[in-house]
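Note: the block below is start.txt and it holds compact mmCIF, C-alpha atoms and all ligand atoms.
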# COMPACT_ATOMS: atom_id res chain seq x y z
CA MET A 1 -105.00 45.35 -34.98
CA PRO A 2 -101.43 46.64 -34.91
CA PHE A 3 -101.75 47.94 -38.50
CA PRO A 4 -104.77 49.44 -40.30
CA ARG A 5 -104.76 46.57 -42.76
CA VAL A 6 -103.41 43.09 -42.12
CA ILE A 7 -103.01 40.11 -44.44
CA PRO A 8 -102.56 37.13 -42.12
CA HIS A 9 -100.21 34.13 -42.10
CA SER A 10 -96.47 34.03 -41.76
CA ASP A 11 -95.49 30.89 -43.64
CA GLY A 12 -95.50 30.01 -47.32
CA ALA A 13 -93.61 28.67 -50.28
CA GLY A 14 -93.30 29.73 -53.90
CA VAL A 15 -91.06 31.15 -56.58
CA VAL A 16 -89.25 34.48 -56.37
CA ASP A 17 -91.03 36.80 -58.78
CA ALA A 18 -89.07 40.00 -58.27
CA THR A 19 -86.30 41.40 -56.07
CA GLY A 20 -85.93 44.78 -54.44
CA GLY A 21 -82.95 47.11 -54.28
CA GLY A 22 -79.79 45.52 -52.94
CA VAL A 23 -81.02 41.96 -53.47
CA ASP A 24 -79.31 39.73 -56.00
CA PRO A 25 -81.62 39.54 -59.07
CA ALA A 26 -80.23 36.04 -59.67
CA ARG A 27 -82.70 34.93 -56.98
CA ILE A 28 -85.59 35.48 -59.41
CA GLY A 29 -87.05 32.10 -60.38
CA HIS A 30 -85.68 30.31 -57.29
CA ARG A 31 -88.08 28.20 -55.24
CA VAL A 32 -88.17 29.44 -51.66
CA TRP A 33 -89.91 28.93 -48.35
CA ILE A 34 -90.95 31.99 -46.40
CA TYR A 35 -91.16 32.55 -42.66
CA GLY A 36 -92.11 35.45 -40.43
CA ALA A 37 -93.94 37.27 -43.22
CA GLN A 38 -96.58 38.59 -40.84
CA SER A 39 -94.50 38.74 -37.70
CA TYR A 40 -94.38 42.40 -36.64
CA ARG A 41 -95.30 43.18 -40.24
CA PRO A 42 -98.69 43.88 -41.81
CA PHE A 43 -98.71 41.73 -44.94
CA GLY A 44 -98.47 37.95 -44.69
CA THR A 45 -98.81 35.01 -47.00
CA ALA A 46 -102.60 34.57 -47.34
CA ALA A 47 -102.20 36.14 -50.77
CA ARG A 48 -100.96 35.23 -54.22
CA LEU A 49 -97.91 37.44 -53.83
CA ALA A 50 -96.00 38.31 -50.66
CA VAL A 51 -93.15 40.79 -50.21
CA VAL A 52 -90.63 39.97 -47.49
CA PRO A 53 -87.08 40.98 -46.55
CA ALA A 54 -84.67 38.79 -48.49
CA HIS A 55 -83.50 36.80 -45.45
CA LEU A 56 -87.06 35.60 -44.76
CA ALA A 57 -87.15 33.83 -48.14
CA VAL A 58 -84.92 30.75 -48.00
CA ASP A 59 -83.99 28.57 -50.97
CA LEU A 60 -86.00 25.34 -51.01
CA PRO A 61 -84.14 22.17 -52.03
CA ALA A 62 -85.41 20.54 -55.22
CA ASP A 63 -86.60 17.44 -53.35
CA ALA A 64 -88.78 19.42 -50.90
CA THR A 65 -92.35 20.04 -52.04
CA ASP A 66 -94.08 23.41 -51.76
CA GLU A 67 -96.32 21.83 -49.10
CA VAL A 68 -93.32 20.96 -46.95
CA GLY A 69 -91.81 24.40 -47.54
CA ALA A 70 -95.03 26.11 -46.53
CA CYS A 71 -95.01 24.23 -43.20
CA LEU A 72 -91.43 24.97 -42.20
CA GLY A 73 -91.96 28.46 -40.80
CA ILE A 74 -93.67 28.52 -37.44
CA PRO A 75 -93.86 24.73 -36.92
CA GLY A 76 -90.34 23.98 -38.15
CA ILE A 77 -88.58 26.84 -36.42
CA THR A 78 -90.53 26.21 -33.21
CA ALA A 79 -89.65 22.51 -33.40
CA HIS A 80 -85.98 23.33 -33.93
CA ARG A 81 -85.87 25.71 -31.00
CA THR A 82 -87.78 23.30 -28.81
CA VAL A 83 -85.23 20.57 -29.42
CA PHE A 84 -81.98 22.52 -29.63
CA ALA A 85 -82.42 25.66 -27.48
CA ASP A 86 -80.35 24.09 -24.70
CA GLY A 87 -77.65 22.71 -26.97
CA PRO A 88 -76.99 19.44 -28.78
CA VAL A 89 -79.22 16.48 -27.96
CA ASP A 90 -76.84 13.76 -29.13
CA GLY A 91 -77.18 10.82 -26.76
CA LEU A 92 -80.10 12.32 -24.84
CA THR A 93 -83.65 11.03 -24.63
CA VAL A 94 -86.28 13.49 -25.86
CA LEU A 95 -90.00 13.20 -25.16
CA VAL A 96 -92.22 14.80 -27.78
CA HIS A 97 -95.76 15.14 -26.49
CA GLY A 98 -98.19 15.01 -29.42
CA VAL A 99 -95.73 13.54 -31.90
CA LEU A 100 -98.18 13.46 -34.82
CA GLY A 101 -98.82 17.21 -34.71
CA GLY A 102 -97.28 19.81 -37.01
CA VAL A 103 -94.65 20.90 -34.50
CA GLY A 104 -94.31 17.51 -32.83
CA ALA A 105 -93.59 15.57 -36.02
CA LEU A 106 -90.84 18.00 -36.99
CA ALA A 107 -89.44 18.05 -33.44
CA ALA A 108 -89.20 14.25 -33.44
CA GLN A 109 -87.41 14.22 -36.79
CA LEU A 110 -85.00 16.99 -35.73
CA ALA A 111 -84.26 15.29 -32.41
CA ARG A 112 -83.51 11.99 -34.12
CA TRP A 113 -81.40 13.84 -36.72
CA GLY A 114 -79.54 15.39 -33.77
CA GLY A 115 -78.73 11.94 -32.37
CA ALA A 116 -81.36 11.69 -29.61
CA ALA A 117 -83.56 8.75 -28.74
CA VAL A 118 -87.12 10.00 -29.18
CA ILE A 119 -90.18 9.03 -27.18
CA GLY A 120 -93.41 10.35 -28.63
CA THR A 121 -96.95 10.41 -27.28
CA VAL A 122 -100.17 10.16 -29.26
CA ARG A 123 -103.72 10.45 -28.03
CA PRO A 124 -105.83 7.59 -29.38
CA ALA A 125 -104.02 4.23 -29.27
CA GLY A 126 -105.06 3.70 -32.93
CA ASP A 127 -102.66 6.49 -33.87
CA LEU A 128 -99.72 4.32 -32.84
CA GLN A 129 -99.87 2.75 -36.30
CA ARG A 130 -99.24 6.17 -37.85
CA VAL A 131 -96.02 6.73 -35.91
CA ASN A 132 -92.89 5.70 -37.77
CA MET A 133 -90.92 4.82 -34.64
CA ASP A 134 -90.78 2.07 -32.05
CA ALA A 135 -94.13 2.37 -30.32
CA VAL A 136 -95.21 1.42 -26.82
CA ASP A 137 -98.88 1.45 -25.92
CA ARG A 138 -99.22 2.86 -22.43
CA PRO A 139 -102.86 2.79 -21.41
CA GLY A 140 -103.86 5.66 -19.15
CA PRO A 141 -105.19 9.19 -19.20
CA GLY A 142 -102.03 11.07 -20.05
CA PRO A 143 -98.26 11.10 -20.21
CA THR A 144 -96.27 9.90 -17.22
CA ARG A 145 -95.11 12.73 -15.04
CA PRO A 146 -91.62 12.78 -13.61
CA GLY A 147 -91.72 11.90 -9.92
CA ARG A 148 -89.53 12.58 -6.90
CA PRO A 149 -86.60 10.31 -6.13
CA ASP A 150 -87.77 7.31 -4.14
CA PRO A 151 -86.74 7.85 -0.49
CA ARG A 152 -86.14 4.10 -0.05
CA GLY A 153 -83.82 4.06 -3.01
CA ARG A 154 -86.04 1.92 -5.22
CA PRO A 155 -85.20 2.31 -8.89
CA ARG A 156 -87.13 5.09 -10.54
CA ARG A 157 -88.79 4.66 -13.84
CA SER A 158 -86.72 6.14 -16.62
CA ARG A 159 -87.57 9.65 -17.70
CA PRO A 160 -86.49 11.84 -20.55
CA ASP A 161 -83.68 14.39 -20.34
CA HIS A 162 -85.62 16.84 -22.39
CA ARG A 163 -89.31 17.19 -22.81
CA GLY A 164 -90.83 19.29 -25.57
CA GLU A 165 -94.38 20.31 -24.78
CA LEU A 166 -96.20 23.03 -26.58
CA LEU A 167 -98.87 24.98 -24.87
CA GLY A 168 -101.17 27.44 -26.59
CA GLN A 169 -99.76 30.79 -27.52
CA HIS A 170 -100.30 33.62 -25.09
CA ARG A 171 -99.10 37.13 -25.74
CA PRO A 172 -99.73 39.01 -22.53
CA ARG A 173 -96.80 41.33 -23.27
CA ARG A 174 -98.72 42.75 -26.18
CA HIS A 175 -101.90 43.41 -24.27
CA GLY A 176 -102.04 47.15 -23.82
CA ARG A 177 -104.25 48.85 -21.25
CA GLN A 178 -107.15 49.03 -23.67
CA GLU A 179 -106.98 45.32 -24.40
CA ARG A 180 -106.75 44.48 -20.70
CA ARG A 181 -109.85 46.61 -20.05
CA ARG A 182 -111.66 44.89 -22.90
CA ARG A 183 -110.77 41.51 -21.48
CA ARG A 184 -112.03 42.52 -18.05
CA ARG A 185 -115.25 43.80 -19.58
CA LEU A 186 -115.75 40.53 -21.37
CA ARG A 187 -114.83 38.74 -18.14
CA HIS A 188 -112.28 36.81 -20.11
CA ARG A 189 -109.33 36.14 -17.91
CA PRO A 190 -106.08 35.28 -19.67
CA ARG A 191 -105.59 31.57 -19.17
CA ALA A 192 -103.03 30.75 -16.54
CA THR A 193 -100.60 27.88 -16.98
CA HIS A 194 -100.08 25.79 -13.85
CA PHE A 195 -96.91 23.90 -13.11
CA PRO A 196 -96.53 21.20 -10.45
CA PHE A 197 -94.04 23.30 -8.52
CA TRP A 198 -92.75 20.96 -5.78
CA PRO A 199 -92.11 17.85 -7.91
CA MET A 200 -90.39 20.04 -10.48
CA LEU A 201 -88.32 21.73 -7.80
CA PHE A 202 -87.14 18.44 -6.28
CA ASP A 203 -86.26 17.19 -9.75
CA ASN A 204 -84.26 20.38 -10.42
CA LEU A 205 -86.09 20.81 -13.69
CA THR A 206 -85.62 23.66 -16.13
CA ILE A 207 -88.63 25.17 -17.84
CA ARG A 208 -87.96 26.94 -21.10
CA LEU A 209 -90.69 29.08 -22.64
CA TYR A 210 -91.04 29.76 -26.34
CA GLY A 211 -92.66 32.50 -28.39
CA SER A 212 -91.99 31.79 -32.03
CA ASP A 213 -92.30 35.43 -33.11
CA ASP A 214 -89.44 36.37 -30.85
CA PHE A 215 -86.81 33.68 -31.18
CA PRO A 216 -83.30 35.12 -31.43
CA PRO A 217 -81.89 34.84 -34.97
N1 LIG B 301 -95.07 28.96 -28.47
C1 LIG B 301 -94.98 29.00 -29.79
O1 LIG B 301 -94.26 29.82 -30.36
C2 LIG B 301 -95.76 28.01 -30.61
C3 LIG B 301 -95.50 27.88 -31.98
C4 LIG B 301 -96.21 26.93 -32.71
C5 LIG B 301 -97.17 26.16 -32.06
N2 LIG B 301 -97.44 26.35 -30.75
C6 LIG B 301 -98.46 25.55 -30.05
O2 LIG B 301 -98.05 24.20 -30.12
C7 LIG B 301 -99.20 23.35 -30.10
C8 LIG B 301 -99.11 22.35 -31.24
O3 LIG B 301 -99.22 23.05 -32.48
P1 LIG B 301 -99.38 22.23 -33.80
O4 LIG B 301 -99.50 23.22 -34.89
O5 LIG B 301 -98.31 21.20 -33.89
O6 LIG B 301 -100.80 21.55 -33.54
P2 LIG B 301 -101.36 20.19 -34.12
O7 LIG B 301 -100.80 19.95 -35.50
O8 LIG B 301 -102.82 20.21 -33.92
O9 LIG B 301 -100.71 19.09 -33.17
C9 LIG B 301 -101.15 18.81 -31.87
C10 LIG B 301 -100.98 17.32 -31.69
O10 LIG B 301 -101.08 17.00 -30.30
C11 LIG B 301 -101.89 15.84 -30.18
N3 LIG B 301 -102.43 15.77 -28.84
C12 LIG B 301 -103.39 16.55 -28.27
N4 LIG B 301 -103.61 16.14 -27.01
C13 LIG B 301 -102.78 15.09 -26.78
C14 LIG B 301 -102.55 14.24 -25.65
N5 LIG B 301 -103.22 14.41 -24.51
N6 LIG B 301 -101.61 13.27 -25.75
C15 LIG B 301 -100.92 13.11 -26.91
N7 LIG B 301 -101.09 13.87 -28.00
C16 LIG B 301 -102.02 14.86 -27.93
C17 LIG B 301 -102.92 16.02 -31.26
O11 LIG B 301 -103.53 14.79 -31.52
P3 LIG B 301 -105.07 14.74 -32.05
O12 LIG B 301 -104.95 14.93 -33.54
O13 LIG B 301 -105.50 13.38 -31.65
O14 LIG B 301 -105.82 15.84 -31.38
C18 LIG B 301 -102.06 16.52 -32.43
O15 LIG B 301 -101.45 15.47 -33.12
C19 LIG B 301 -100.41 24.29 -30.14
O16 LIG B 301 -100.88 24.46 -28.83
C20 LIG B 301 -99.84 25.58 -30.69
O17 LIG B 301 -100.55 26.72 -30.28
C21 LIG B 301 -96.74 27.24 -30.00

Once you've parsed the file, please lay out its structure as structure tokens.
Ligand SMILES: NC(=O)c1ccc[n+]([C@@H]2O[C@H](COP(=O)([O-])OP(=O)(O)OC[C@H]3O[C@@H](n4cnc5c(N)ncnc54)[C@H](OP(=O)(O)O)[C@@H]3O)[C@@H](O)[C@H]2O)c1
Amino acid sequence: MPFPRVIPHSDGAGVVDATGGGVDPARIGHRVWIYGAQSYRPFGTAARLAVVPAHLAVDLPADATDEVGACLGIPGITAHRTVFADGPVDGLTVLVHGVLGGVGALAAQLARWGGAAVIGTVRPAGDLQRVNMDAVDRPGPGPTRPGRPDPRGRPRRSRPDHRGELLGQHRPRRHGRQERRRRRRLRHRPRATHFPFWPMLFDNLTIRLYGSDDFPP
């Protein structure tokens, strides 16, 4: 562990109980949502009380429940970055893979808020009823992959301008020598992510990678 004692979890919601030096005491009693509490810090939100720098506690609007506030940290900020990292999406088509998930649901809402047309995927067809958007049932094993331009000029199927897909979190940067040795001993290889290189190259695609602990402010 990076600290001798760690209280996990970065996200939460609650009421400001006390303020430290230099922080406006008028914030006491305000409902807030918290993010990044245990990002590069030892003490997170799996506790009754959490202490965070003032900017990590954001006022929560009266119409947002604590449950919503407590889910805005990693999922909400990741969703926002996923949709808007390359600029406005107004007029674009955005594909959200796994639209019923924590991140996916927020990404779809943010993309629509930003003026995009949103295409979402779900896994079981029965989940289509749970999606509050125009739904198309596309039988098959997985989402359609973008293909190369047709050499005979036949019309291509439409494809999104922007595709938000979240893979599991890997933190190889943080694996020191000791951790790498441990992994070798355990014969656990870090999982590799494979991309279909040639189709992506011919489509001139951009891949953007995300690590929610390290988004720029
Ligand atoms: N890079 C980062 O900084 C960062 C930050 C946050 C999250 N993440 C990653 O993002 C992913 C999603 O996180 P989450 O919290 O949103 O998880 P989640 O709430 O479990 O959502 C995942 C969603 O994807 C759906 N799904 C799975 N396979 C699918 C498929 N083949 N086709 C369509 N939908 C499929 C799941 O449906 P079912 O319920 O049917 O399984 C579920 O609704 C995770 O891998 C997480 O580690 C990364």

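Nearest residue to ligand LIG 301 (chain B) among A:Pro196, A:Gly115, A:Gly36, A:Gly69 is A:Gly36, counting only C-alpha atoms and all ligand atoms.
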
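Every polymer residue reaching to within 9 Å of (-83.5, 21.9, -26.6), counting only C-alpha atoms, appears in this list: His80, Arg81, Thr82, Val83, Phe84, Ala85, Asp86, Gly87, Pro88, Val89, Val94, Ala111, His162, Arg163, Gly164 and Arg208 of chain A.
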
Padding 3 Å on every side, please: axis-aligned box over the listed atoms of ligand LIG 301 (chain B), centre and edge lengths to one decimal in Å, as JSON.
{"center_x": -100.0, "center_y": 21.5, "center_z": -30.0, "size_x": 17.6, "size_y": 22.7, "size_z": 17.0}

Write out as number ranges by chain the residues lying within 7 Å of Ala46 of chain A, counting only C-alpha atoms and excluding same-chain residues fewer than 3 positions away.
A: 7-9

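Nearest residue to ligand LIG 301 (chain B) among A:Gln38, A:Asn132, A:Gln109, A:Thr121 is A:Thr121, counting only C-alpha atoms and all ligand atoms.
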
Of the listed residues A:Gly102, A:Gly29, A:Gly20, A:Gly120, that which approaches ligand LIG 301 (chain B) most closely, counting only C-alpha atoms and all ligand atoms
A:Gly102

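The shortest atom-to-atom distance to ligand LIG 301 (chain B), with all atoms listed in the file taken into account, belongs to A:Leu100 out of A:Ala192, A:Val15, A:Leu100, A:Ala107.
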
Nearest to Asp90 of chain A by atom-to-atom distance, counting all atoms listed in the file, from A:Ala64, A:Ala105, A:Asp11, A:Ala117:
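The answer is A:Ala117, which sits nearest to Asp90 of chain A.
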
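When the distance limit is 10 Å and all atoms listed in the file are what count, the residues near Pro2 of chain A, minus those fewer than 4 positions from it on the same chain, are Val6, Tyr40, Arg41, Pro42 and Arg174 of chain A.
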
Could you save those same residues with C-alpha atoms as an mmCIF file, in the frame of the given file?
data_model
loop_
_atom_site.group_PDB
_atom_site.id
_atom_site.type_symbol
_atom_site.label_atom_id
_atom_site.label_comp_id
_atom_site.auth_asym_id
_atom_site.auth_seq_id
_atom_site.Cartn_x
_atom_site.Cartn_y
_atom_site.Cartn_z
ATOM 1 C CA VAL A 6 -103.410 43.090 -42.120
ATOM 2 C CA TYR A 40 -94.380 42.400 -36.640
ATOM 3 C CA ARG A 41 -95.300 43.180 -40.240
ATOM 4 C CA PRO A 42 -98.690 43.880 -41.810
ATOM 5 C CA ARG A 174 -98.720 42.750 -26.180
#

Which residue, A:Pro199, A:Gly21, A:Gly104, A:Gly91, has the smallest gap to ligand LIG 301 (chain B) when you use only C-alpha atoms and all ligand atoms?
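Selected residue with least distance to ligand LIG 301 (chain B): A:Gly104.
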
What's around Thr45 of chain A at 10 Å? Count all atoms listed in the file, leave out sequence neighbours fewer than 2 positions away in its own chain, and write the answer as a ChimeraX atom specification.
/A:7-13,34-38,43,47-52,70

Could you tell me how far atom CA of His97 of chain A lies from atom CA of Ser39 of chain A, in Å and to one decimal?
26.2 Å

Take atom CA of His194 of chain A and atom CA of Leu95 of chain A and report the distance between them in Å, one decimal.
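Result for atom CA of His194 of chain A versus atom CA of Leu95 of chain A: 19.7 Å, one decimal.
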
Just how far from atom CA of Ala57 of chain A is atom CA of Phe215 of chain A, in Å to one decimal?
17.0 Å
